[in-house]
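K.L.:
Got a file for you: coords_25.cif, mmCIF, C-alpha atoms.
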```
data_structure
loop_
_atom_site.label_atom_id
_atom_site.label_comp_id
_atom_site.auth_asym_id
_atom_site.auth_seq_id
_atom_site.Cartn_x
_atom_site.Cartn_y
_atom_site.Cartn_z
CA MET A 272 -172.32 -76.19 -46.19
CA ASN A 273 -170.32 -76.10 -42.94
CA GLN A 274 -167.18 -78.26 -42.93
CA LYS A 275 -167.71 -79.68 -46.39
CA THR A 276 -165.16 -77.79 -48.45
CA GLY A 277 -161.48 -78.38 -48.77
CA ALA A 278 -159.15 -75.71 -47.44
CA VAL A 279 -155.49 -75.00 -46.92
CA LEU A 280 -153.46 -74.43 -43.77
CA VAL A 281 -149.92 -73.13 -44.28
CA LEU A 282 -147.47 -73.49 -41.41
CA SER A 283 -144.15 -71.67 -41.61
CA GLY A 284 -141.46 -70.84 -39.13
CA PRO A 285 -137.86 -71.67 -38.29
CA SER A 286 -136.70 -75.24 -38.14
CA GLY A 287 -136.56 -75.84 -34.38
CA ALA A 288 -139.69 -73.87 -33.54
CA GLY A 289 -141.57 -77.13 -32.99
CA LYS A 290 -143.84 -77.26 -36.04
CA SER A 291 -143.65 -81.06 -36.33
CA SER A 292 -144.34 -81.66 -32.64
CA LEU A 293 -147.31 -79.30 -32.79
CA ILE A 294 -148.77 -80.95 -35.88
CA ASN A 295 -148.37 -84.45 -34.44
CA LYS A 296 -150.11 -83.28 -31.28
CA ILE A 297 -153.18 -81.88 -33.02
CA ILE A 298 -153.53 -84.00 -36.16
CA ASN A 299 -156.24 -86.26 -34.68
CA ASP A 300 -158.33 -83.39 -33.32
CA ILE A 301 -158.98 -81.34 -36.44
CA GLY A 302 -160.90 -83.58 -38.84
CA PRO A 303 -159.79 -85.06 -42.16
CA THR A 304 -156.43 -83.68 -43.28
CA TYR A 305 -153.87 -84.29 -45.98
CA PHE A 306 -150.34 -83.46 -44.99
CA SER A 307 -148.52 -82.28 -48.08
CA ILE A 308 -145.19 -84.07 -48.54
CA SER A 309 -142.56 -82.01 -50.33
CA THR A 310 -140.27 -83.30 -53.02
CA THR A 311 -136.58 -82.54 -52.58
CA THR A 312 -133.20 -83.13 -54.15
CA ARG A 313 -131.34 -82.92 -50.85
CA PRO A 314 -129.73 -86.12 -49.51
CA ILE A 315 -131.84 -88.28 -47.22
CA ARG A 316 -130.81 -88.01 -43.55
CA ALA A 317 -130.52 -90.73 -40.92
CA GLY A 318 -134.00 -91.55 -39.59
CA GLU A 319 -135.81 -90.14 -42.63
CA GLU A 320 -138.00 -92.21 -44.93
CA ASP A 321 -138.73 -91.63 -48.61
CA GLY A 322 -142.44 -90.79 -49.10
CA VAL A 323 -142.90 -89.98 -45.40
CA HIS A 324 -140.62 -87.03 -44.63
CA TYR A 325 -140.00 -86.10 -48.27
CA HIS A 326 -140.15 -87.56 -51.72
CA PHE A 327 -136.42 -87.79 -52.42
CA VAL A 328 -135.57 -87.41 -56.12
CA SER A 329 -132.57 -86.59 -58.31
CA GLU A 330 -131.94 -83.15 -59.81
CA GLU A 331 -132.82 -84.68 -63.20
CA VAL A 332 -136.27 -85.88 -62.10
CA PHE A 333 -136.92 -82.58 -60.34
CA SER A 334 -136.12 -80.61 -63.51
CA GLN A 335 -138.46 -82.83 -65.57
CA ASP A 336 -141.28 -82.20 -63.06
CA ILE A 337 -140.70 -78.43 -63.28
CA GLU A 338 -141.01 -78.57 -67.07
CA ALA A 339 -144.17 -80.69 -66.82
CA GLU A 340 -145.64 -77.98 -64.51
CA MET A 341 -146.23 -80.53 -61.79
CA PHE A 342 -145.33 -78.18 -58.93
CA LEU A 343 -147.60 -75.83 -57.03
CA GLU A 344 -144.38 -74.10 -55.97
CA TYR A 345 -140.70 -74.88 -55.84
CA ALA A 346 -137.60 -73.15 -54.57
CA VAL A 347 -133.92 -73.54 -53.87
CA VAL A 348 -132.94 -73.57 -50.18
CA HIS A 349 -129.33 -74.03 -49.03
CA GLY A 350 -128.45 -75.20 -52.56
CA ASN A 351 -131.13 -77.94 -52.78
CA HIS A 352 -134.45 -77.98 -54.63
CA TYR A 353 -137.71 -78.25 -52.71
CA GLY A 354 -141.15 -78.42 -54.35
CA THR A 355 -144.82 -79.19 -53.75
CA SER A 356 -146.60 -81.43 -56.26
CA LEU A 357 -149.98 -80.13 -57.35
CA GLY A 358 -151.75 -83.45 -58.05
CA PRO A 359 -152.21 -84.82 -54.50
CA VAL A 360 -153.20 -81.36 -53.22
CA LYS A 361 -156.02 -81.05 -55.77
CA LYS A 362 -157.25 -84.54 -54.98
CA ALA A 363 -157.30 -83.87 -51.22
CA LEU A 364 -159.16 -80.57 -51.70
CA LYS A 365 -161.81 -82.36 -53.80
CA GLU A 366 -162.24 -84.84 -50.96
CA GLY A 367 -162.95 -81.92 -48.62
CA LYS A 368 -159.75 -82.34 -46.66
CA LEU A 369 -157.72 -79.67 -44.91
CA VAL A 370 -154.43 -79.63 -46.77
CA ILE A 371 -151.54 -78.78 -44.43
CA PHE A 372 -148.30 -77.35 -45.79
CA ASP A 373 -145.13 -77.06 -43.76
CA ILE A 374 -143.32 -74.63 -46.07
CA ASP A 375 -141.11 -71.56 -45.93
CA VAL A 376 -142.00 -67.93 -46.56
CA GLN A 377 -141.31 -68.24 -50.32
CA GLY A 378 -143.59 -71.29 -50.48
CA HIS A 379 -146.31 -69.43 -48.60
CA ASP A 380 -146.11 -66.68 -51.21
CA ALA A 381 -146.71 -69.20 -53.99
CA VAL A 382 -149.59 -70.97 -52.21
CA GLN A 383 -151.19 -67.63 -51.39
CA HIS A 384 -150.96 -66.73 -55.07
CA ARG A 385 -152.55 -69.97 -56.29
CA LEU A 386 -154.98 -70.86 -53.47
CA GLY A 387 -155.30 -67.60 -51.55
CA ASP A 388 -159.05 -67.60 -51.00
CA ILE A 389 -159.03 -70.95 -49.19
CA THR A 390 -155.72 -70.47 -47.37
CA THR A 391 -155.10 -69.69 -43.71
CA SER A 392 -151.49 -69.14 -42.76
CA VAL A 393 -149.72 -69.44 -39.43
CA PHE A 394 -146.21 -68.46 -38.49
CA ILE A 395 -144.82 -70.54 -35.64
CA THR A 396 -141.73 -69.43 -33.79
CA THR A 397 -139.80 -69.68 -30.55
CA PRO A 398 -140.21 -66.80 -28.05
CA THR A 399 -136.72 -65.50 -28.94
CA LEU A 400 -133.80 -66.07 -31.31
CA LEU A 401 -131.75 -67.14 -28.29
CA GLU A 402 -134.27 -69.89 -27.52
CA LEU A 403 -134.15 -71.04 -31.16
CA LYS A 404 -130.34 -71.28 -31.01
CA SER A 405 -130.47 -73.31 -27.85
CA ARG A 406 -133.16 -75.70 -29.22
CA LEU A 407 -131.18 -76.29 -32.42
CA LYS A 408 -128.02 -77.01 -30.45
CA ASN A 409 -129.77 -79.29 -27.98
CA ARG A 410 -131.40 -81.50 -30.59
CA SER A 411 -127.92 -82.26 -31.98
CA THR A 412 -129.13 -83.20 -35.47
CA ASP A 413 -127.36 -80.41 -37.33
CA SER A 414 -123.73 -79.36 -37.71
CA ASP A 415 -122.68 -75.91 -36.48
CA GLU A 416 -122.59 -74.78 -40.10
CA VAL A 417 -126.18 -75.92 -40.75
CA ILE A 418 -127.34 -74.33 -37.48
CA ALA A 419 -125.75 -71.03 -38.53
CA LYS A 420 -127.59 -71.21 -41.89
CA ARG A 421 -130.89 -72.00 -40.15
CA LEU A 422 -130.48 -69.04 -37.81
CA GLU A 423 -129.74 -66.68 -40.69
CA MET A 424 -132.82 -67.94 -42.54
CA ALA A 425 -134.92 -67.62 -39.37
CA LYS A 426 -133.87 -63.98 -38.99
CA ARG A 427 -134.97 -63.26 -42.57
CA GLU A 428 -138.25 -65.17 -42.24
CA VAL A 429 -139.28 -63.54 -38.98
CA GLN A 430 -139.21 -60.17 -40.78
CA ARG A 431 -142.18 -61.37 -42.83
CA ILE A 432 -144.52 -62.51 -40.04
CA SER A 433 -147.01 -59.80 -40.96
CA GLU A 434 -147.73 -61.66 -44.22
CA TYR A 435 -149.33 -64.42 -42.12
CA ASP A 436 -152.84 -64.56 -40.69
CA TYR A 437 -151.70 -65.79 -37.28
CA LEU A 438 -148.59 -65.85 -35.15
CA ILE A 439 -148.12 -68.64 -32.64
CA VAL A 440 -145.26 -68.32 -30.18
CA ASN A 441 -144.41 -71.86 -29.17
CA ASP A 442 -143.40 -71.24 -25.58
CA ALA A 443 -145.48 -73.94 -23.93
CA LEU A 444 -146.44 -76.84 -26.24
CA GLU A 445 -149.86 -77.51 -24.67
CA GLU A 446 -150.93 -73.90 -24.98
CA ALA A 447 -149.59 -73.49 -28.51
CA ALA A 448 -151.33 -76.72 -29.57
CA GLU A 449 -154.66 -75.50 -28.20
CA VAL A 450 -154.34 -72.31 -30.25
CA LEU A 451 -153.37 -74.22 -33.38
CA VAL A 452 -156.39 -76.55 -33.04
CA SER A 453 -158.72 -73.53 -33.07
CA VAL A 454 -156.96 -71.96 -36.02
CA ALA A 455 -157.02 -75.24 -37.97
CA LYS A 456 -160.72 -75.82 -37.29
CA ALA A 457 -161.51 -72.27 -38.33
CA ALA A 458 -159.30 -72.64 -41.43
CA ARG A 459 -161.64 -75.34 -42.71
CA MET A 460 -164.47 -72.81 -42.72
CA LYS A 461 -162.83 -70.50 -45.25
CA ILE A 462 -165.03 -70.64 -48.28
CA PRO A 463 -163.91 -69.92 -51.84
CA THR A 464 -165.57 -66.99 -53.59
CA LEU A 465 -166.97 -69.29 -56.26
CA GLN A 466 -168.83 -71.36 -53.69
CA ILE A 467 -170.14 -68.24 -51.98
CA ASN A 468 -171.74 -67.19 -55.26
CA GLU A 469 -173.30 -70.64 -55.62
CA PHE A 470 -174.51 -70.42 -52.03
CA ILE A 471 -176.14 -67.02 -52.57
CA GLN A 472 -178.02 -68.30 -55.62
CA MET A 473 -179.17 -71.41 -53.81
CA TRP A 474 -180.15 -69.39 -50.71
CA GLU A 475 -182.39 -67.05 -52.71
CA ALA A 476 -183.84 -69.75 -54.96
CA GLN A 477 -185.36 -71.41 -51.92
CA GLY A 478 -187.31 -68.39 -50.80
CA MET B 168 -147.60 -63.34 -26.59
CA ASN B 169 -150.33 -65.90 -27.27
CA GLN B 170 -153.81 -64.87 -26.10
CA LYS B 171 -152.69 -61.61 -24.57
CA THR B 172 -153.92 -59.07 -27.10
CA GLY B 173 -157.37 -57.66 -27.60
CA ALA B 174 -159.13 -58.50 -30.83
CA VAL B 175 -162.45 -58.02 -32.58
CA LEU B 176 -165.06 -60.51 -33.73
CA VAL B 177 -167.80 -59.13 -35.99
CA LEU B 178 -170.98 -61.16 -36.38
CA SER B 179 -173.44 -60.20 -39.07
CA GLY B 180 -176.40 -61.88 -40.66
CA PRO B 181 -180.17 -61.62 -40.93
CA SER B 182 -182.29 -61.15 -37.86
CA GLY B 183 -183.66 -64.66 -37.34
CA ALA B 184 -180.48 -66.50 -38.33
CA GLY B 185 -179.82 -67.29 -34.68
CA LYS B 186 -176.91 -65.00 -33.88
CA SER B 187 -178.04 -64.37 -30.29
CA SER B 188 -178.66 -68.06 -29.54
CA LEU B 189 -175.23 -68.91 -30.93
CA ILE B 190 -173.47 -66.23 -28.91
CA ASN B 191 -175.23 -67.23 -25.69
CA LYS B 192 -174.23 -70.83 -26.31
CA ILE B 193 -170.52 -70.14 -26.76
CA ILE B 194 -169.88 -67.07 -24.61
CA ASN B 195 -168.47 -69.08 -21.67
CA ASP B 196 -166.14 -71.17 -23.82
CA ILE B 197 -164.06 -68.53 -25.58
CA GLY B 198 -162.22 -66.61 -22.85
CA PRO B 199 -162.69 -63.00 -21.74
CA THR B 200 -165.06 -61.10 -24.00
CA TYR B 201 -166.78 -57.75 -24.16
CA PHE B 202 -170.07 -57.79 -25.99
CA SER B 203 -170.51 -54.41 -27.60
CA ILE B 204 -173.92 -52.90 -26.85
CA SER B 205 -175.23 -50.62 -29.56
CA THR B 206 -176.91 -47.29 -28.96
CA THR B 207 -180.22 -46.75 -30.77
CA THR B 208 -183.02 -44.27 -31.16
CA ARG B 209 -185.60 -46.92 -31.91
CA PRO B 210 -188.36 -47.49 -29.34
CA ILE B 211 -187.71 -50.11 -26.66
CA ARG B 212 -189.66 -53.37 -27.25
CA ALA B 213 -191.40 -55.60 -24.76
CA GLY B 214 -188.83 -57.77 -22.97
CA GLU B 215 -185.92 -55.47 -23.78
CA GLU B 216 -183.81 -53.73 -21.16
CA ASP B 217 -181.90 -50.46 -21.47
CA GLY B 218 -178.16 -51.10 -21.20
CA VAL B 219 -178.57 -54.81 -21.88
CA HIS B 220 -180.06 -55.14 -25.36
CA TYR B 221 -179.32 -51.57 -26.40
CA HIS B 222 -178.59 -48.19 -24.94
CA PHE B 223 -181.87 -46.47 -25.80
CA VAL B 224 -181.47 -42.72 -26.39
CA SER B 225 -183.34 -39.85 -28.01
CA GLU B 226 -182.54 -38.50 -31.49
CA GLU B 227 -181.18 -35.41 -29.74
CA VAL B 228 -178.67 -37.30 -27.60
CA PHE B 229 -177.67 -39.43 -30.59
CA SER B 230 -176.95 -36.32 -32.67
CA GLN B 231 -174.82 -34.84 -29.88
CA ASP B 232 -172.77 -38.07 -29.69
CA ILE B 233 -172.21 -37.98 -33.45
CA GLU B 234 -170.86 -34.44 -33.21
CA ALA B 235 -168.63 -35.39 -30.28
CA GLU B 236 -167.19 -38.22 -32.47
CA MET B 237 -168.14 -40.79 -29.86
CA PHE B 238 -169.14 -43.45 -32.38
CA LEU B 239 -166.97 -46.08 -34.00
CA GLU B 240 -169.75 -46.34 -36.57
CA TYR B 241 -173.36 -45.38 -36.89
CA ALA B 242 -176.11 -45.88 -39.44
CA VAL B 243 -179.78 -45.50 -40.15
CA VAL B 244 -181.76 -48.75 -40.43
CA HIS B 245 -185.51 -48.81 -41.02
CA GLY B 246 -185.61 -45.08 -40.12
CA ASN B 247 -183.86 -45.40 -36.75
CA HIS B 248 -180.30 -44.55 -35.73
CA TYR B 249 -177.95 -47.28 -34.54
CA GLY B 250 -174.38 -46.66 -33.37
CA THR B 251 -171.40 -48.19 -31.58
CA SER B 252 -169.66 -46.12 -28.92
CA LEU B 253 -165.88 -46.12 -29.19
CA GLY B 254 -164.97 -45.68 -25.50
CA PRO B 255 -165.98 -49.10 -24.07
CA VAL B 256 -164.47 -50.86 -27.10
CA LYS B 257 -161.06 -49.23 -26.58
CA LYS B 258 -161.15 -50.05 -22.88
CA ALA B 259 -162.00 -53.73 -23.53
CA LEU B 260 -159.24 -54.04 -26.15
CA LYS B 261 -156.69 -52.63 -23.67
CA GLU B 262 -157.82 -55.28 -21.17
CA GLY B 263 -157.04 -57.94 -23.79
CA LYS B 264 -160.66 -58.89 -24.33
CA LEU B 265 -162.27 -60.21 -27.47
CA VAL B 266 -164.76 -57.51 -28.45
CA ILE B 267 -167.83 -59.01 -30.12
CA PHE B 268 -170.01 -56.91 -32.41
CA ASP B 269 -173.43 -57.99 -33.62
CA ILE B 270 -173.74 -55.46 -36.45
CA ASP B 271 -174.94 -55.22 -40.03
CA VAL B 272 -172.92 -55.13 -43.25
CA GLN B 273 -172.56 -51.34 -43.12
CA GLY B 274 -171.28 -51.57 -39.53
CA HIS B 275 -168.81 -54.28 -40.54
CA ASP B 276 -167.47 -51.93 -43.22
CA ALA B 277 -166.81 -49.25 -40.62
CA VAL B 278 -165.19 -51.61 -38.10
CA GLN B 279 -163.02 -53.10 -40.84
CA HIS B 280 -161.93 -49.60 -41.74
CA ARG B 281 -161.03 -48.63 -38.18
CA LEU B 282 -159.87 -51.92 -36.63
CA GLY B 283 -159.21 -54.12 -39.68
CA ASP B 284 -155.95 -55.68 -38.61
CA ILE B 285 -157.41 -57.15 -35.43
CA THR B 286 -160.84 -58.00 -36.84
CA THR B 287 -162.26 -61.38 -37.79
CA SER B 288 -165.70 -61.34 -39.37
CA VAL B 289 -168.36 -64.01 -39.61
CA PHE B 290 -171.58 -63.99 -41.57
CA ILE B 291 -174.26 -66.18 -40.01
CA THR B 292 -177.31 -67.17 -41.98
CA THR B 293 -180.07 -69.71 -42.32
CA PRO B 294 -179.64 -72.43 -44.98
CA THR B 295 -182.20 -70.72 -47.23
CA LEU B 296 -184.34 -67.60 -47.53
CA LEU B 297 -187.40 -69.82 -47.10
CA GLU B 298 -186.09 -71.04 -43.76
CA LEU B 299 -185.46 -67.44 -42.66
CA LYS B 300 -189.06 -66.52 -43.55
CA SER B 301 -190.42 -69.41 -41.57
CA ARG B 302 -188.23 -68.67 -38.50
CA LEU B 303 -189.28 -65.00 -38.49
CA LYS B 304 -192.95 -65.96 -38.74
CA ASN B 305 -192.70 -68.63 -36.06
CA ARG B 306 -191.08 -66.40 -33.45
CA SER B 307 -194.06 -64.03 -33.74
CA THR B 308 -192.22 -60.97 -32.45
CA ASP B 309 -192.51 -58.91 -35.62
CA SER B 310 -195.41 -57.61 -37.67
CA ASP B 311 -195.77 -58.76 -41.30
CA GLU B 312 -194.49 -55.37 -42.39
CA VAL B 313 -191.33 -55.65 -40.24
CA ILE B 314 -190.78 -59.22 -41.45
CA ALA B 315 -191.01 -58.04 -45.06
CA LYS B 316 -188.41 -55.33 -44.33
CA ARG B 317 -186.12 -57.84 -42.62
CA LEU B 318 -186.33 -60.21 -45.59
CA GLU B 319 -185.50 -57.44 -48.04
CA MET B 320 -182.52 -56.43 -45.93
CA ALA B 321 -181.42 -60.06 -45.65
CA LYS B 322 -181.48 -60.41 -49.45
CA ARG B 323 -179.24 -57.36 -49.78
CA GLU B 324 -176.85 -58.43 -47.01
CA VAL B 325 -176.41 -61.98 -48.29
CA GLN B 326 -175.00 -60.50 -51.53
CA ARG B 327 -172.04 -59.27 -49.50
CA ILE B 328 -171.01 -62.51 -47.75
CA SER B 329 -167.70 -62.53 -49.62
CA GLU B 330 -166.62 -59.47 -47.60
CA TYR B 331 -166.54 -61.71 -44.51
CA ASP B 332 -163.77 -64.05 -43.39
CA TYR B 333 -166.15 -66.89 -42.55
CA LEU B 334 -169.63 -68.06 -43.41
CA ILE B 335 -171.57 -70.12 -40.90
CA VAL B 336 -174.81 -71.70 -42.05
CA ASN B 337 -176.86 -72.15 -38.91
CA ASP B 338 -178.66 -75.34 -39.83
CA ALA B 339 -178.00 -77.29 -36.63
CA LEU B 340 -177.27 -75.12 -33.58
CA GLU B 341 -174.76 -77.53 -31.96
CA GLU B 342 -172.68 -77.82 -35.09
CA ALA B 343 -172.76 -74.09 -35.86
CA ALA B 344 -171.76 -73.33 -32.25
CA GLU B 345 -168.79 -75.65 -32.47
CA VAL B 346 -167.58 -73.87 -35.60
CA LEU B 347 -168.10 -70.45 -34.03
CA VAL B 348 -166.07 -71.43 -30.94
CA SER B 349 -163.09 -72.29 -33.14
CA VAL B 350 -163.42 -69.11 -35.14
CA ALA B 351 -163.72 -66.99 -31.97
CA LYS B 352 -160.68 -68.63 -30.35
CA ALA B 353 -158.66 -68.13 -33.52
CA ALA B 354 -159.89 -64.52 -33.78
CA ARG B 355 -158.14 -63.73 -30.50
CA MET B 356 -154.83 -64.70 -32.11
CA LYS B 357 -154.96 -62.00 -34.76
CA ILE B 358 -152.11 -59.69 -33.98
CA PRO B 359 -151.91 -56.04 -34.98
CA THR B 360 -149.06 -55.04 -37.30
CA LEU B 361 -147.65 -52.70 -34.67
CA GLN B 362 -147.26 -55.51 -32.16
CA ILE B 363 -145.69 -57.77 -34.78
CA ASN B 364 -142.99 -55.16 -35.30
CA GLU B 365 -142.43 -54.99 -31.54
CA PHE B 366 -142.30 -58.78 -31.41
CA ILE B 367 -139.68 -58.98 -34.19
CA GLN B 368 -137.46 -56.47 -32.39
CA MET B 369 -137.80 -58.29 -29.10
CA TRP B 370 -137.23 -61.69 -30.77
CA GLU B 371 -133.94 -60.60 -32.34
CA ALA B 372 -132.72 -58.62 -29.33
CA GLN B 373 -132.67 -61.83 -27.31
CA GLY B 374 -130.33 -63.67 -29.65
#
```
Spell out the structure here as structure tokens.
P.N.:
Amino acid sequence: MNQKTGAVLVLSGPSGAGKSSLINKIINDIGPTYFSISTTTRPIRAGEEDGVHYHFVSEEVFSQDIEAEMFLEYAVVHGNHYGTSLGPVKKALKEGKLVIFDIDVQGHDAVQHRLGDITTSVFITTPTLLELKSRLKNRSTDSDEVIAKRLEMAKREVQRISEYDYLIVNDALEEAAEVLVSVAKAARMKIPTLQINEFIQMWEAQG
Amino acid sequence: MNQKTGAVLVLSGPSGAGKSSLINKIINDIGPTYFSISTTTRPIRAGEEDGVHYHFVSEEVFSQDIEAEMFLEYAVVHGNHYGTSLGPVKKALKEGKLVIFDIDVQGHDAVQHRLGDITTSVFITTPTLLELKSRLKNRSTDSDEVIAKRLEMAKREVQRISEYDYLIVNDALEEAAEVLVSVAKAARMKIPTLQINEFIQMWEAQG
């Protein structure tokens, strides 16, 4: 029974809090995972690859996918569409993988609604807003306008930390990674109600 | 913020499922802990020590403690009183320790009610009822009558697994211990709502 079921790990938090660095650091230490790749209509940026960072599609294709109910969740952020396709997630869960989502607070809402009983959620943030500002400026990938938008969004998202199971303050990467490994390993142990009922029947039958 | 708050880990499951062996195996790997020692009116058994396995008290003392509201929870099991004193738990939480409870389903209810937002709960069981029977018989510490009572209680408790955050099937001790370490480390990261509100204020103030 242990470690044989698929489960979901939702990671949210401001862009610049270090989610990607943390995931890359722990991905080989937490067993079989599927990292959910979002679909978006926003323009591809320098250094990004289609099918790796996002599936980049047109507004037209995105609208067709919405109508075909192919999304677990979708939302508009800064004027662009972002969505999570359901198909690959279902497949990964059947294979017993830990499905990792890097999504915003709205996306977490939707995943919680659809897959709540196998979902563990973690909010990752910088120690302070000031630190977030300085990280976003130092990485020099965003314009001042985009940084301002990110900071506004961060302020709104931070208000909803209590909707998450865990809060990780990414002050020191090593320490934060160690915490995330434990949370991810534990996340895999969350067992859907349906399987608990099966387990109880099986447990008693062999008595 | 990380790893600085006290938190609660509740372990439940049938006597004979290996809770004690598991705890002893992991206790040095999960950071500062306080193992809650229950108070009971049941007679002391061979090999048990007052203040280590239980605080053994008379029915009279137990009744006085109930009236003085000194218990976080208490219950009657197999005709004897069992309770958890609140004082040492509060002290350990203030010191930032992970407070571990080895209590039954009723006790879990009470802890959840009082300390729910910092509590992680784990149900530990054998793979089957048959296996539980055989372990109880092999350890030869209980009479047939006590074993029968334990099995009846186990059947009732197993029905309530879905009230727990995690289920660990103790089939192989090494594997189960590894899972419990992750769950215990993650448990420490659960942050009370009050502190989240403080964190949000502090986070924004430094921006």
K.L.:
Show me, as number ranges by chain, the residues that have an atom within 10 Å of range 416-429 of chain A when counting all atoms listed in the file, minus same-chain residues fewer than 2 positions from it.
P.N.:
A: 283-288, 348-349, 375-377, 394-396, 400-401, 403-404, 407-408, 411-414, 431-433; B: 363-364, 366-368, 370-371, 374
K.L.:
Keeping C-alpha atoms for every residue in the selection just given, could you write it to a file as a CSV table (one decimal), keeping the file's coordinate frame?
P.N.:
```csv
chain,number,residue,atom,x,y,z
A,283,SER,CA,-144.2,-71.7,-41.6
A,284,GLY,CA,-141.5,-70.8,-39.1
A,285,PRO,CA,-137.9,-71.7,-38.3
A,286,SER,CA,-136.7,-75.2,-38.1
A,287,GLY,CA,-136.6,-75.8,-34.4
A,288,ALA,CA,-139.7,-73.9,-33.5
A,348,VAL,CA,-132.9,-73.6,-50.2
A,349,HIS,CA,-129.3,-74.0,-49.0
A,375,ASP,CA,-141.1,-71.6,-45.9
A,376,VAL,CA,-142.0,-67.9,-46.6
A,377,GLN,CA,-141.3,-68.2,-50.3
A,394,PHE,CA,-146.2,-68.5,-38.5
A,395,ILE,CA,-144.8,-70.5,-35.6
A,396,THR,CA,-141.7,-69.4,-33.8
A,400,LEU,CA,-133.8,-66.1,-31.3
A,401,LEU,CA,-131.8,-67.1,-28.3
A,403,LEU,CA,-134.2,-71.0,-31.2
A,404,LYS,CA,-130.3,-71.3,-31.0
A,407,LEU,CA,-131.2,-76.3,-32.4
A,408,LYS,CA,-128.0,-77.0,-30.4
A,411,SER,CA,-127.9,-82.3,-32.0
A,412,THR,CA,-129.1,-83.2,-35.5
A,413,ASP,CA,-127.4,-80.4,-37.3
A,414,SER,CA,-123.7,-79.4,-37.7
A,431,ARG,CA,-142.2,-61.4,-42.8
A,432,ILE,CA,-144.5,-62.5,-40.0
A,433,SER,CA,-147.0,-59.8,-41.0
B,363,ILE,CA,-145.7,-57.8,-34.8
B,364,ASN,CA,-143.0,-55.2,-35.3
B,366,PHE,CA,-142.3,-58.8,-31.4
B,367,ILE,CA,-139.7,-59.0,-34.2
B,368,GLN,CA,-137.5,-56.5,-32.4
B,370,TRP,CA,-137.2,-61.7,-30.8
B,371,GLU,CA,-133.9,-60.6,-32.3
B,374,GLY,CA,-130.3,-63.7,-29.6
```
K.L.:
Using all atoms listed in the file, which residues sit within 12 Å of Leu189 in chain B once same-chain residues fewer than 6 positions away are excluded, as a PyMOL selection string?
P.N.:
chain B and resi 178+183+195-196+269+291-292+335-348+351
K.L.:
Could you tell me which residues the PyMOL selection byres ((chain A and resi 302) around 9) grabs in this file, written as a list in words?
P.N.:
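Applying the expression gives Ile298, Asn299, Asp300, Ile301, Pro303, Thr304, Lys368, Leu369 and Lys456 of chain A.
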K.L.:
So how many Å separate CA of Thr399 in chain A and CA of Ile297 in chain A, to one decimal?
P.N.:
23.6 Å
K.L.:
Output the residue selection produced by the PyMOL selection byres ((chain A and resi 391) around 7) on the file above, formatted as number ranges by chain.
P.N.:
A: 279-281, 389-390, 392-393, 436, 458
K.L.:
Hey, can you check how far CA of Glu340 in chain A sits from CA of Gly358 in chain A?
P.N.:
10.4 Å
K.L.:
CA of Ile211 in chain B and CA of Lys257 in chain B are how many Å apart?
P.N.:
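So the two atoms, CA of Ile211 in chain B and CA of Lys257 in chain B, lie 26.7 Å apart.
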K.L.:
So which residues touch Ile308 in chain A within 12 Å, counting all atoms listed in the file, skipping near sequence neighbours fewer than 5 positions away, as a list of chain:residue names?
P.N.:
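Near neighbours after the sequence-gap exclusion: A:Glu320, A:Asp321, A:Gly322, A:Val323, A:His324, A:Tyr325, A:His326, A:Phe327, A:Phe342, A:Tyr353, A:Gly354, A:Thr355, A:Ser356, A:Leu357, A:Gly358, A:Pro359, A:Val360, A:Val370, A:Ile371, A:Phe372, A:Asp373, A:Ile374.
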K.L.:
Can you tell me, as a PyMOL selection string, what residues are no more than 10 Å from Pro314 in chain A when counting all atoms listed in the file, ignoring any on the same chain fewer than 5 positions away?
P.N.:
chain A and resi 327-329+351
K.L.:
Write a file of the just-selected residues containing C-alpha atoms, as a short mmCIF file (atom, residue, chain, number, x, y, z; two decimals), in the coordinates of the input.
P.N.:
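Below is the file selection.cif, written as the result:
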```cif
data_model
loop_
_atom_site.label_atom_id
_atom_site.label_comp_id
_atom_site.auth_asym_id
_atom_site.auth_seq_id
_atom_site.Cartn_x
_atom_site.Cartn_y
_atom_site.Cartn_z
CA PHE A 327 -136.42 -87.79 -52.42
CA VAL A 328 -135.57 -87.41 -56.12
CA SER A 329 -132.57 -86.59 -58.31
CA ASN A 351 -131.13 -77.94 -52.78
#
```
K.L.:
Closest to chain A among B:Thr208, B:Asn305, B:Ser188, B:Gln326, using only C-alpha atoms?
P.N.:
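Distance minimum relative to chain A lands on B:Gln326.
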K.L.:
Taking all atoms listed in the file into account, name the residue in A:Met341, A:Leu386, A:Ile294, A:Met473 that is nearest to chain B.
P.N.:
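Once distances to chain B are computed over all atoms listed in the file, the minimum belongs to A:Met473.
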